[in-house]
Every structure is written in C-alpha cells, then in structure tokens.
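The structure file coords_33.txt is reproduced below (compact mmCIF, C-alpha atoms and all ligand atoms).
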```
# COMPACT_ATOMS: atom_id res chain seq x y z
CA MET A 8 -1.43 -2.52 15.89
CA ILE A 9 -2.81 -4.68 18.58
CA SER A 10 -5.71 -6.50 17.02
CA ARG A 11 -4.37 -7.14 13.58
CA PRO A 12 -5.06 -10.73 12.43
CA ALA A 13 -2.12 -12.96 13.09
CA ALA A 14 -2.70 -14.99 9.95
CA ALA A 15 0.04 -13.17 8.06
CA ASN A 16 2.83 -15.68 7.87
CA LEU A 17 6.51 -15.52 7.31
CA THR A 18 6.61 -16.96 3.82
CA LEU A 19 7.96 -14.90 1.02
CA ASP A 20 5.52 -13.85 -1.70
CA LEU A 21 7.03 -14.64 -5.09
CA PRO A 22 5.51 -11.53 -6.77
CA ASP A 23 7.71 -9.46 -4.45
CA LEU A 24 10.74 -10.89 -6.16
CA LYS A 25 9.27 -10.91 -9.65
CA SER A 26 8.41 -7.24 -9.41
CA GLY A 27 12.08 -6.61 -8.79
CA ALA A 28 11.69 -5.38 -5.25
CA SER A 29 15.05 -4.94 -3.65
CA ALA A 30 16.20 -7.53 -1.15
CA ALA A 31 16.13 -4.86 1.56
CA LYS A 32 12.46 -4.04 0.83
CA VAL A 33 11.51 -7.72 0.93
CA LEU A 34 13.35 -8.18 4.19
CA GLU A 35 11.57 -5.15 5.64
CA LYS A 36 8.22 -6.64 4.63
CA ILE A 37 9.08 -9.94 6.26
CA LEU A 38 10.05 -8.19 9.45
CA GLN A 39 6.82 -6.18 9.43
CA ARG A 40 4.78 -9.34 9.04
CA ARG A 41 6.74 -11.06 11.73
CA GLU A 42 5.99 -8.14 14.01
CA SER A 43 2.24 -8.27 13.31
CA ASN A 44 2.30 -12.04 13.80
CA MET A 45 3.66 -11.44 17.25
CA SER A 46 1.01 -8.91 18.15
CA ILE A 47 -1.70 -9.75 20.63
CA ASP A 48 -5.26 -10.15 19.40
CA LYS A 49 -8.38 -8.74 21.05
CA ILE A 50 -11.26 -11.20 21.34
CA GLY A 51 -14.68 -9.92 20.26
CA ASP A 52 -16.16 -7.29 22.56
CA THR A 53 -14.28 -8.59 25.60
CA ASP A 54 -11.16 -7.23 27.27
CA VAL A 55 -9.43 -10.53 26.69
CA TYR A 56 -6.39 -10.77 24.41
CA ILE A 57 -4.66 -13.83 23.02
CA SER A 58 -1.25 -14.65 21.56
CA GLY A 59 1.86 -16.75 22.05
CA MET A 60 4.62 -16.61 24.64
CA TYR A 61 6.72 -14.30 22.44
CA ALA A 62 4.31 -11.43 23.13
CA MET A 63 5.48 -11.44 26.74
CA ARG A 64 8.74 -10.07 25.38
CA ARG A 65 6.89 -7.17 23.73
CA PRO A 66 5.72 -5.21 26.79
CA GLN A 67 4.65 -2.30 24.54
CA TYR A 68 1.79 -4.42 23.15
CA LEU A 69 0.64 -5.35 26.62
CA GLU A 70 0.82 -1.72 27.69
CA GLU A 71 -1.20 -0.51 24.67
CA ALA A 72 -3.93 -3.03 25.54
CA ASN A 73 -3.98 -1.99 29.20
CA ILE A 74 -3.11 -5.54 30.25
CA THR A 75 -3.27 -5.99 34.01
CA HIS A 76 -3.63 -9.78 34.24
CA VAL A 77 -1.86 -12.62 32.45
CA VAL A 78 -2.90 -16.27 32.15
CA SER A 79 -0.10 -18.63 31.06
CA ILE A 80 -1.18 -22.06 29.81
CA LEU A 81 2.03 -24.00 29.39
CA ARG A 82 4.19 -26.39 31.28
CA GLY A 83 7.52 -25.52 32.80
CA LYS A 84 9.20 -22.89 34.87
CA MET A 85 8.78 -19.35 33.64
CA ASP A 86 10.89 -16.22 33.94
CA GLU A 87 9.08 -14.56 36.85
CA ARG A 88 10.55 -11.15 35.97
CA LEU A 89 8.47 -11.01 32.80
CA PHE A 90 5.27 -11.35 34.82
CA ALA A 91 6.17 -9.09 37.74
CA PRO A 92 4.06 -6.11 36.49
CA TYR A 93 0.91 -8.23 36.20
CA LYS A 94 -1.39 -10.41 38.26
CA HIS A 95 -0.38 -13.82 36.98
CA LEU A 96 -2.11 -17.21 36.78
CA HIS A 97 -0.02 -20.13 35.58
CA VAL A 98 -1.79 -23.36 34.50
CA GLU A 99 0.64 -26.15 33.68
CA VAL A 100 -0.67 -28.33 30.84
CA ASP A 101 0.80 -29.66 27.60
CA ASP A 102 -0.83 -29.31 24.21
CA GLU A 103 -1.94 -32.95 24.10
CA ASP A 104 -5.37 -34.40 23.27
CA ASP A 105 -5.50 -36.25 26.56
CA GLU A 106 -4.61 -33.33 28.84
CA ASN A 107 -7.42 -32.32 31.16
CA LEU A 108 -7.86 -28.60 30.56
CA LEU A 109 -11.53 -28.73 31.53
CA GLU A 110 -10.71 -29.04 35.22
CA HIS A 111 -9.06 -25.60 35.04
CA PHE A 112 -11.94 -23.72 33.37
CA ALA A 113 -13.50 -22.67 36.70
CA THR A 114 -10.20 -21.14 37.86
CA THR A 115 -9.33 -19.41 34.60
CA ASN A 116 -12.88 -18.09 34.08
CA GLU A 117 -12.97 -16.64 37.58
CA PHE A 118 -9.53 -15.07 37.18
CA ILE A 119 -10.46 -13.50 33.81
CA ASP A 120 -13.83 -12.31 35.09
CA ASN A 121 -12.34 -10.73 38.21
CA ALA A 122 -9.74 -8.95 36.09
CA ILE A 123 -12.36 -7.47 33.75
CA ASN A 124 -14.74 -6.57 36.59
CA SER A 125 -11.93 -4.64 38.26
CA GLY A 126 -11.45 -2.59 35.07
CA GLY A 127 -8.43 -4.46 33.76
CA SER A 128 -7.64 -6.47 30.64
CA VAL A 129 -6.37 -10.00 30.44
CA PHE A 130 -3.72 -11.51 28.21
CA VAL A 131 -4.07 -15.28 27.74
CA HIS A 132 -1.13 -17.06 26.15
CA CYS A 133 0.37 -20.49 25.61
CA ALA A 134 3.44 -21.23 23.50
CA MET A 135 2.06 -20.25 20.08
CA GLY A 136 -1.41 -18.86 20.82
CA ILE A 137 -3.05 -21.60 18.79
CA SER A 138 -4.44 -24.46 20.90
CA ARG A 139 -4.27 -24.18 24.70
CA SER A 140 -4.82 -20.43 25.05
CA ALA A 141 -7.61 -20.52 22.43
CA THR A 142 -9.33 -23.24 24.46
CA ILE A 143 -9.17 -21.18 27.64
CA CYS A 144 -10.51 -18.10 25.82
CA ALA A 145 -13.30 -20.15 24.22
CA ALA A 146 -14.23 -21.57 27.63
CA TYR A 147 -14.51 -18.02 28.92
CA LEU A 148 -16.78 -16.99 26.02
CA ILE A 149 -18.95 -20.09 26.56
CA PHE A 150 -19.16 -19.27 30.27
CA LYS A 151 -20.04 -15.59 29.72
CA LYS A 152 -22.22 -15.78 26.62
CA GLN A 153 -23.57 -19.33 26.86
CA ILE A 154 -22.68 -20.02 23.24
CA PRO A 155 -21.60 -23.31 21.64
CA THR A 156 -17.95 -24.17 21.08
CA GLU A 157 -17.84 -23.36 17.36
CA THR A 158 -19.50 -19.96 17.86
CA ALA A 159 -16.95 -19.13 20.55
CA LEU A 160 -14.05 -20.24 18.34
CA ASP A 161 -15.44 -18.18 15.45
CA ILE A 162 -15.36 -15.06 17.61
CA ILE A 163 -11.69 -15.69 18.39
CA ARG A 164 -10.92 -16.45 14.73
CA GLU A 165 -12.16 -12.98 13.70
CA THR A 166 -8.91 -11.49 14.94
CA ARG A 167 -6.78 -14.62 15.19
CA PRO A 168 -7.56 -16.97 12.30
CA CYS A 169 -4.68 -19.31 13.15
CA ILE A 170 -6.27 -20.74 16.32
CA CYS A 171 -6.82 -24.50 16.32
CA PRO A 172 -7.53 -26.24 19.64
CA ASN A 173 -6.63 -29.91 19.52
CA LEU A 174 -9.47 -32.45 19.24
CA GLY A 175 -9.35 -33.44 22.91
CA PHE A 176 -9.74 -29.78 23.94
CA ARG A 177 -12.67 -29.31 21.53
CA GLU A 178 -14.44 -32.28 23.09
CA GLN A 179 -13.84 -30.78 26.52
CA LEU A 180 -15.32 -27.45 25.38
CA ASP A 181 -18.38 -29.29 24.05
CA LEU A 182 -18.77 -31.22 27.29
CA TYR A 183 -18.50 -27.93 29.19
CA TYR A 184 -21.08 -26.17 27.02
CA GLN A 185 -23.53 -29.09 27.08
CA ASN A 186 -23.47 -29.24 30.88
CA LEU A 187 -22.81 -25.57 31.54
CA ALA A 188 -25.09 -24.84 34.51
CA GLN A 189 -24.02 -27.95 36.40
CA ALA A 190 -20.35 -27.55 35.41
CA ILE A 191 -20.29 -24.01 36.77
CA GLU A 192 -21.91 -25.23 40.01
CA ASN A 193 -19.65 -28.25 40.48
CA LEU A 194 -17.87 -29.98 37.62
CA ASN A 195 -17.42 -33.19 39.62
CA ASP A 196 -21.19 -33.61 39.77
CA VAL A 197 -21.47 -33.75 35.97
CA PRO A 198 -21.93 -37.43 34.94
CA ALA A 199 -20.46 -36.72 31.49
CA TYR A 200 -17.32 -35.39 33.20
CA GLN A 201 -17.03 -38.48 35.40
CA ARG A 202 -17.38 -40.56 32.25
CA PHE A 203 -14.63 -38.46 30.60
CA LEU A 204 -12.30 -39.09 33.59
CA TYR A 205 -13.11 -42.81 33.48
CA ARG A 206 -12.19 -43.01 29.80
CA LYS A 207 -8.92 -41.16 30.40
CA GLU A 208 -8.05 -43.50 33.25
CA VAL A 209 -8.80 -46.58 31.12
CA GLU A 210 -6.67 -45.20 28.29
CA ILE A 211 -3.68 -44.47 30.53
CA SER A 212 -3.94 -47.85 32.30
CA ARG A 213 -4.36 -49.71 29.04
CA MET A 214 -1.15 -48.21 27.67
CA ALA A 215 0.62 -49.43 30.80
CA ASP A 216 -1.08 -52.83 30.35
CA LYS A 217 -2.84 -52.44 33.69
CA ALA A 218 -6.46 -52.68 34.78
CA PRO A 219 -7.88 -49.21 35.49
CA THR A 220 -8.86 -47.89 38.89
CA ILE A 221 -12.50 -47.07 38.32
CA THR A 222 -14.16 -44.17 40.07
CA TYR A 223 -17.18 -43.87 37.81
CA TRP A 224 -20.00 -46.33 38.41
CA GLY A 225 -23.32 -46.10 36.61
CA GLN A 226 -26.49 -46.73 38.61
CA ASP A 227 -28.68 -49.79 38.07
CA GLU A 228 -31.78 -48.44 39.77
CA SER A 229 -33.96 -45.89 38.10
CA PRO A 230 -36.56 -43.66 39.76
CA THR A 231 -38.80 -44.31 36.76
CA PRO A 232 -39.94 -47.96 36.65
CA ASN A 233 -40.04 -48.29 32.87
CA ALA A 234 -36.82 -46.50 32.06
CA GLU A 235 -34.87 -47.76 29.06
CA SER A 236 -32.69 -50.50 30.45
CA LEU A 237 -31.21 -53.98 30.10
CA LYS A 238 -32.49 -56.72 32.41
CA CYS A 239 -31.25 -60.22 33.15
CA LYS A 240 -33.29 -62.68 31.07
CA MET A 241 -33.29 -65.23 33.89
CA CYS A 242 -34.29 -63.13 36.91
CA ARG A 243 -35.26 -59.71 35.49
CA ARG A 244 -32.75 -57.80 37.58
CA THR A 245 -31.84 -54.45 35.99
CA LEU A 246 -28.23 -54.63 34.79
CA ALA A 247 -27.83 -51.25 33.06
CA LEU A 248 -29.76 -48.03 32.46
CA SER A 249 -29.59 -46.17 29.17
CA GLN A 250 -27.14 -43.60 30.63
CA SER A 251 -24.51 -46.35 30.67
CA PHE A 252 -25.03 -47.49 27.09
CA VAL A 253 -22.01 -47.09 24.82
CA ASP A 254 -22.89 -46.84 21.14
CA HIS A 255 -20.68 -48.27 18.46
CA THR A 256 -21.21 -48.06 14.73
CA PRO A 257 -21.64 -51.58 13.38
CA LYS A 258 -19.10 -52.45 10.73
CA PRO A 259 -20.78 -52.43 7.30
CA PRO A 260 -21.16 -55.97 5.94
CA VAL A 261 -18.86 -56.94 3.07
CA THR A 262 -20.01 -60.38 1.98
CA ALA A 263 -23.23 -61.05 0.10
CA THR A 264 -24.49 -63.23 2.94
CA SER A 265 -24.04 -60.61 5.61
CA ARG A 266 -25.41 -57.95 3.28
CA ASP A 267 -28.54 -60.06 3.00
CA ILE A 268 -28.81 -60.30 6.77
CA ALA A 269 -28.29 -56.57 7.14
CA GLY A 270 -30.73 -55.92 4.36
CA THR A 271 -33.53 -57.76 6.05
CA SER A 272 -33.15 -56.66 9.64
CA GLY A 273 -30.61 -53.83 9.70
CA PRO A 274 -26.91 -53.89 10.57
CA LYS A 275 -27.65 -53.82 14.32
CA ALA A 276 -29.01 -57.35 13.96
CA THR A 277 -25.45 -58.61 13.52
CA CYS A 278 -24.30 -57.10 16.85
CA GLN A 279 -24.60 -59.67 19.59
CA HIS A 280 -23.22 -57.33 22.26
CA HIS A 281 -24.58 -54.43 24.25
CA PHE A 282 -21.57 -52.32 25.24
CA ILE A 283 -21.86 -50.35 28.45
CA ASP A 284 -19.84 -48.34 30.96
CA PRO A 285 -19.14 -49.82 34.41
CA VAL A 286 -22.26 -50.30 36.52
CA VAL A 287 -22.16 -50.43 40.31
CA TRP A 288 -23.03 -54.19 40.57
CA MET A 289 -19.81 -55.02 38.62
CA ARG A 290 -17.57 -53.60 41.34
CA PRO A 291 -16.44 -56.91 42.93
CA GLU A 292 -15.39 -58.22 39.50
CA LEU A 293 -13.88 -55.06 37.99
CA GLU A 294 -11.94 -54.27 41.16
CA LYS A 295 -10.05 -57.57 40.94
CA GLY A 296 -7.54 -55.75 38.75
CA LEU A 297 -7.78 -58.21 35.85
CA MET A 298 -7.43 -57.20 32.19
CA GLU A 299 -10.49 -59.26 31.23
CA GLY A 300 -13.10 -61.52 32.74
CA LYS A 301 -16.70 -62.73 32.82
CA LEU A 302 -19.69 -60.94 34.26
CA GLU A 303 -22.39 -62.76 36.21
CA CYS A 304 -25.82 -61.43 37.18
CA PRO A 305 -25.51 -60.29 40.82
CA LYS A 306 -28.91 -61.83 41.66
CA CYS A 307 -29.10 -65.23 39.90
CA ASN A 308 -25.41 -65.68 38.95
CA ALA A 309 -26.29 -66.37 35.32
CA LYS A 310 -23.47 -65.52 32.93
CA VAL A 311 -24.52 -62.26 31.30
CA GLY A 312 -21.42 -60.88 29.67
CA SER A 313 -17.71 -60.18 29.72
CA TYR A 314 -15.20 -57.35 29.76
CA ALA A 315 -11.76 -56.67 28.31
CA TRP A 316 -9.86 -53.41 28.78
CA HIS A 317 -8.00 -54.02 25.52
CA GLY A 318 -11.33 -54.36 23.75
CA ILE A 319 -13.73 -56.94 22.34
CA LYS A 320 -14.47 -57.56 18.69
CA CYS A 321 -18.22 -57.29 18.24
CA THR A 322 -19.94 -59.89 16.05
CA CYS A 323 -20.42 -57.10 13.48
CA GLY A 324 -16.63 -57.03 13.14
CA ARG A 325 -16.04 -53.71 14.94
CA TRP A 326 -13.52 -53.54 17.78
CA VAL A 327 -14.83 -51.71 20.82
CA VAL A 328 -12.13 -50.46 23.20
CA PRO A 329 -12.44 -50.65 26.17
CA ALA A 330 -15.27 -53.14 26.23
CA ILE A 331 -17.76 -54.13 28.88
CA SER A 332 -20.36 -56.24 27.15
CA LEU A 333 -23.71 -57.78 28.01
CA ALA A 334 -24.64 -60.58 25.61
CA ARG A 335 -27.76 -59.80 23.62
CA SER A 336 -28.94 -63.38 24.15
CA ARG A 337 -28.70 -63.03 27.96
CA VAL A 338 -30.55 -59.79 28.54
CA ASP A 339 -33.88 -58.20 27.66
CA GLU A 340 -34.12 -54.70 26.31
CA VAL A 341 -36.74 -52.68 28.16
CA ARG A 342 -38.06 -49.59 26.41
CA PRO A 343 -40.23 -46.97 28.08
CA ARG A 344 -43.94 -47.38 27.39
CA PRO A 345 -45.30 -44.56 25.30
CA ALA A 346 -47.39 -42.10 27.32
CA LEU A 347 -51.17 -42.66 27.04
ZN ZN A 401 -21.41 -54.53 16.62
ZN ZN A 402 -30.21 -62.72 36.88
```
What would the structure in this file look like if it were written as structure tokens?
Amino acid sequence: MISRPAAANLTLDLPDLKSGASAAKVLEKILQRRESNMSIDKIGDTDVYISGMYAMRRPQYLEEANITHVVSILRGKMDERLFAPYKHLHVEVDDEDDENLLEHFATTNEFIDNAINSGGSVFVHCAMGISRSATICAAYLIFKKQIPTETALDIIRETRPCICPNLGFREQLDLYYQNLAQAIENLNDVPAYQRFLYRKEVEISRMADKAPTITYWGQDESPTPNAESLKCKMCRRTLALSQSFVDHTPKPPVTATSRDIAGTSGPKATCQHHFIDPVVWMRPELEKGLMEGKLECPKCNAKVGSYAWHGIKCTCGRWVVPAISLARSRVDEVRPRPAL
C-alpha cells in the first residue's frame, strides 16, 4: 500500500501476547507495521508524496506511485545512485527552528509544479518525513490552493498523521501564507520577511556576543500625514511608524500597589517604553557595532531612548530581547484621526 497512514508504530501491543499469539506471529506483525511505516504517503488530491529517507531504499513504492521527481530536504552528501532514475532537487537544511526554509519555497514549489504539469509525481522527503518535508509540502499546498498553514497541514495529516513541522517552520509557513501574492512575486520585497531576517541576524549575533549587521530599516516618513506614529516631544520629528512597533505583553502586577495602578489605568500604564524595530534615522548609532547605547533625536538631539541587543527590562518587569526603546516620556503618540 502506498497511501496507508504512517501512524502505525513499532511498539508491541500487549493483547498480542496475552492472547497467546506465537512469537513468530507477533514478529510478523511488527515487520508488517514497520513496512507500512516506511511507505510513502499521497497528499490530498495532488501527485505529491511524502515520507522519510528510508523510502528511497524501497524503489518499488516509488515505482507504484509513478514518481519521476524527488525533493530531498536534508543536509549532507547523498548517495547519488539512489536518485539517478529521477529528476532530483536537493535542499540542504537542518531540522532546526532557526533554519530558513522559507527562502527555498519558490524553488521547491516551482520544481514540484513543473513535475506535476509534465505528468509526473513528486516524492518529497527529509530524514523522517515529519518536519522539513512536511513544511515543503505544506508550502506547496498553500501556494497552489491559497489555504492557511493549519488547513494545509491537516490535508497532509489525513494520510500521514505523524507530521510535525518545528515551530520556526510553522511561523515561516504563516508568514508565507499571510504575504502570499507578494512572496510569490519577490520574497525579498516582503517587509515581514525582512523583519524575520533581521530577527535571525540579531539572534545569531547575540549568541556570539556581537552587534548585528542590520539590513532591515523601517521608514520614518509616511505618505499619510496622520499615520499612527511616535514623534519627538521636543521638535515633533517622526521617529517611528506603526509598522516598526514591537508589542510586548506587560508583566502582570504582583504587589497590591501595582495591582492598584493597573486597576485604574490598565497594565500598559506601567510600561515606560515603546519598543520598536530599527528605523532608518538610527543608522549612524546602530552601525557603530556596540551592544548597547543611547538614541538621540536626529533633528533636535534630545535624548529619546536607548537600545541593547541583549535586551532591556521594561518598567512593567518584562524583558524584551532585543530591545530598541523610545521613552514614553520623550515621545508623543500620534493616532490617525477618525474619518469624518
Ligand atoms: Zn512593559
Ligand atoms: Zn527632536
């Protein structure tokens, strides 16, 4: 069977033993299950199949499914002889939350689509057929059917219940779905993707105790005059637009005093920071390569905030990492005027 669910596992059912089944029978059952576990699973109404690397050593499955193309999503050198009968695409990524699989979606989607349009079928595999390959298959379903991540994963789960993309990959699928038209056109033009790259860069640099090299700069000029923004209290220069705002959940108050404060004006009242992503006017400061520093208004030089790549503890008690902060006392919040 090709599309049998791969959920069957290798554990031994106790009733098998209780019912007095012979050891040989039990062993046979285990082997049968192991075989079905290694089958390849058809995804929905597509000609895309998914499984682990082991299926490459079962050419009969691939033959039954009329596989013509194979996508391998795993790092390392592979035995080329196994792939010789197929058109082969090899994407080298690890199954880690911080791997960028999103940047490969355009390539894998095009490869899969071309294979199907030419009358073939595609086998997508990683090591176990659980995280990386499921992500690539979900990206293809999102691309073809314009469906949200969970709907795409549900379609795959129908025949392969064991799939479980890691959290980083799920976020990348969501980002892809939420910006689909623009991502298909040119992923690098998607602001949310640039933000994603910026966060990855900060994370990697932070672990190496280095200041990040920033390539994502938010704008400080809006085409709409009353856009939601933060302005310098002293000179009214716009310092950040709402696209650059970074939300954090204020830490719930624990003492009676702070509960009283929160009770009267809401927990946000205890936050004396506006956290934001890098904005273009900060370039001279943030490109100094320091781990932390002060931020001055580029027009009047008033002190407006600070930054720390290792994070800042907000006055509400919550750590925000990384942190670029504008002090609430130094800026005015501008909200769009309601339409008349
Ligand atoms: Zn706070
Ligand atoms: Zn100013």
Review point. Which residues come within 8 Å of Val253 (chain A), counting all atoms listed in the file, excluding same-chain residues fewer than 5 positions away, as a PyMOL selection string?
Key: chain A and resi 281-284
Exercise for review: Collect all residues with atoms no farther than 12 Å from ligand ZN 401 (chain A), counting all atoms listed in the file, and output them as a ChimeraX atom specification.
Suggested key: /A:253-260,269,273-282,319-327,330,332,334-335
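From CA of Phe150 (chain A) back to CA of Tyr184 (chain A), the distance works out to 7.9 Å.
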Practice item. Write out as a ChimeraX atom specification which residues come within 9 Å of Glu157 (chain A) when counting all atoms listed in the file, dropping same-chain ones fewer than 5 positions away. Key: /A:145,162,177,181
Practice item. Mind giving me the straight-line distance from CA of His317 (chain A) to CA of Met298 (chain A) in Å, one decimal? Key: 7.4 Å
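For the atom pair formed by CA of Glu106 (chain A) and CA of Asp86 (chain A), the distance is 23.6 Å, given to one decimal.
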Review point. What residues have any atom no more than 7 Å from ligand ZN 402 (chain A) when counting all atoms listed in the file, and can you list them as a PyMOL selection string?
Key: chain A and resi 239-244+304-309
Those residues with C-alpha atoms, as a JSON list (two decimals), keeping the file's coordinate frame please?
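What landed in part-v7.json:
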```json
[["chain", "number", "residue", "atom", "x", "y", "z"],
["A", 239, "CYS", "CA", -31.25, -60.22, 33.15],
["A", 240, "LYS", "CA", -33.29, -62.68, 31.07],
["A", 241, "MET", "CA", -33.29, -65.23, 33.89],
["A", 242, "CYS", "CA", -34.29, -63.13, 36.91],
["A", 243, "ARG", "CA", -35.26, -59.71, 35.49],
["A", 244, "ARG", "CA", -32.75, -57.80, 37.58],
["A", 304, "CYS", "CA", -25.82, -61.43, 37.18],
["A", 305, "PRO", "CA", -25.51, -60.29, 40.82],
["A", 306, "LYS", "CA", -28.91, -61.83, 41.66],
["A", 307, "CYS", "CA", -29.10, -65.23, 39.90],
["A", 308, "ASN", "CA", -25.41, -65.68, 38.95],
["A", 309, "ALA", "CA", -26.29, -66.37, 35.32]]
```
Exercise for review: Just the residues within 10 Å of Glu103 (chain A), please, counting only C-alpha atoms, with nothing from its chain fewer than 2 positions along; format it as a VMD selection string.
Suggested key: chain A and resid 100 to 101 105 to 108 138 to 139 172 to 176
**Study point:** Test item: residues at most 12 Å from Gln250 (chain A), only C-alpha atoms, excluding those fewer than 4 positions along its chain, as a PyMOL selection string
**Key:** chain A and resi 198-199+202+224-229+234-237+246+254+282-286
What does the file look like for those residues with C-alpha atoms, as a short mmCIF file (atom, residue, chain, number, x, y, z; two decimals), keeping the file's coordinate frame?
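As written to disk, part.cif reads:
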```cif
data_model
loop_
_atom_site.label_atom_id
_atom_site.label_comp_id
_atom_site.auth_asym_id
_atom_site.auth_seq_id
_atom_site.Cartn_x
_atom_site.Cartn_y
_atom_site.Cartn_z
CA PRO A 198 -21.93 -37.43 34.94
CA ALA A 199 -20.46 -36.72 31.49
CA ARG A 202 -17.38 -40.56 32.25
CA TRP A 224 -20.00 -46.33 38.41
CA GLY A 225 -23.32 -46.10 36.61
CA GLN A 226 -26.49 -46.73 38.61
CA ASP A 227 -28.68 -49.79 38.07
CA GLU A 228 -31.78 -48.44 39.77
CA SER A 229 -33.96 -45.89 38.10
CA ALA A 234 -36.82 -46.50 32.06
CA GLU A 235 -34.87 -47.76 29.06
CA SER A 236 -32.69 -50.50 30.45
CA LEU A 237 -31.21 -53.98 30.10
CA LEU A 246 -28.23 -54.63 34.79
CA ASP A 254 -22.89 -46.84 21.14
CA PHE A 282 -21.57 -52.32 25.24
CA ILE A 283 -21.86 -50.35 28.45
CA ASP A 284 -19.84 -48.34 30.96
CA PRO A 285 -19.14 -49.82 34.41
CA VAL A 286 -22.26 -50.30 36.52
#
```
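Each of A:Ala247, A:Leu180, A:Leu69, A:Ile211 was checked against Gly127 (chain A) using all atoms listed in the file; the smallest atom-to-atom distance is that of A:Leu69.
Shown here are all protein and nucleic acid residues lying within 12 Å of (-12.1, -50.1, 38.9), with all atoms listed in the file considered: Tyr205, Arg206, Glu208, Val209, Ser212, Lys217, Ala218, Pro219, Thr220, Ile221, Thr222, Tyr223, Trp224, Asp284, Pro285, Val286, Val287, Trp288, Met289, Arg290, Pro291, Glu292, Leu293, Glu294, Lys295, Gly296, Leu297, Met298 and Trp316 of chain A.
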Thr158 (chain A) environment, 10 Å, all atoms listed in the file, sequence neighbours closer than 6 positions dropped, as a compact mmCIF listing (two decimals) with C-alpha atoms, in the coordinates of the input:
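As written to disk, part_12.txt reads:
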```txt
# COMPACT_ATOMS: atom_id res chain seq x y z
CA ALA A 145 -13.30 -20.15 24.22
CA LEU A 148 -16.78 -16.99 26.02
CA ILE A 149 -18.95 -20.09 26.56
CA ARG A 164 -10.92 -16.45 14.73
```
Review point. At most 7 Å from (-12.0, -16.1, 32.7), file frame, only C-alpha atoms: which residues, as an MDAnalysis selection string?
Key: chainID A and resid 115:120 147
Review point. Between A:Phe112, A:Phe130, A:Tyr61, A:Tyr56, which one has atoms that come closest to Val77 (chain A), using all atoms listed in the file?
Key: A:Phe130
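Among the candidates A:Leu187, A:Leu248, A:Ile143, A:Ala62, the one nearest to Val341 (chain A) when counting all atoms listed in the file is A:Leu248.
For the choices A:Tyr200, A:Tyr93, A:Tyr314, A:Tyr183, the atom-to-atom distance to Ser79 (chain A) is smallest for A:Tyr93 when using all atoms listed in the file.
With all atoms listed in the file as the atoms that count, the minimum distance from His95 (chain A) to the choices A:Pro66, A:Thr53, A:His132, A:Pro168 is reached by A:His132.
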Could I see region 215-229 of chain A restored to N, CA and C atoms, set down as a short mmCIF file (atom, residue, chain, number, x, y, z; two decimals), in the coordinates of the input?
```cif
data_model
loop_
_atom_site.label_atom_id
_atom_site.label_comp_id
_atom_site.auth_asym_id
_atom_site.auth_seq_id
_atom_site.Cartn_x
_atom_site.Cartn_y
_atom_site.Cartn_z
N ALA A 215 -0.33 -48.83 29.88
CA ALA A 215 0.62 -49.43 30.80
C ALA A 215 0.30 -50.91 31.02
N ASP A 216 -0.66 -51.44 30.25
CA ASP A 216 -1.08 -52.83 30.35
C ASP A 216 -1.57 -53.18 31.75
N LYS A 217 -2.32 -52.25 32.33
CA LYS A 217 -2.84 -52.44 33.69
C LYS A 217 -4.36 -52.26 33.69
N ALA A 218 -5.02 -52.91 34.64
CA ALA A 218 -6.46 -52.68 34.78
C ALA A 218 -6.67 -51.29 35.40
N PRO A 219 -7.69 -50.56 34.97
CA PRO A 219 -7.88 -49.21 35.49
C PRO A 219 -8.46 -49.20 36.91
N THR A 220 -8.20 -48.11 37.62
CA THR A 220 -8.86 -47.89 38.89
C THR A 220 -10.12 -47.09 38.57
N ILE A 221 -11.26 -47.70 38.77
CA ILE A 221 -12.50 -47.07 38.32
C ILE A 221 -13.15 -46.25 39.43
N THR A 222 -13.50 -45.03 39.09
CA THR A 222 -14.16 -44.17 40.07
C THR A 222 -15.55 -43.78 39.59
N TYR A 223 -15.89 -44.22 38.38
CA TYR A 223 -17.18 -43.87 37.81
C TYR A 223 -18.04 -45.12 37.69
N TRP A 224 -19.11 -45.16 38.43
CA TRP A 224 -20.00 -46.33 38.41
C TRP A 224 -21.41 -45.88 38.07
N GLY A 225 -21.94 -46.42 36.99
CA GLY A 225 -23.32 -46.10 36.61
C GLY A 225 -24.30 -46.78 37.56
N GLN A 226 -25.47 -46.18 37.72
CA GLN A 226 -26.49 -46.73 38.61
C GLN A 226 -27.26 -47.84 37.89
N ASP A 227 -27.84 -48.75 38.67
CA ASP A 227 -28.68 -49.79 38.07
C ASP A 227 -30.11 -49.71 38.60
N GLU A 228 -30.40 -48.64 39.32
CA GLU A 228 -31.78 -48.44 39.77
C GLU A 228 -32.26 -47.10 39.26
N SER A 229 -33.44 -47.13 38.66
CA SER A 229 -33.96 -45.89 38.10
C SER A 229 -35.19 -45.45 38.88
#
```
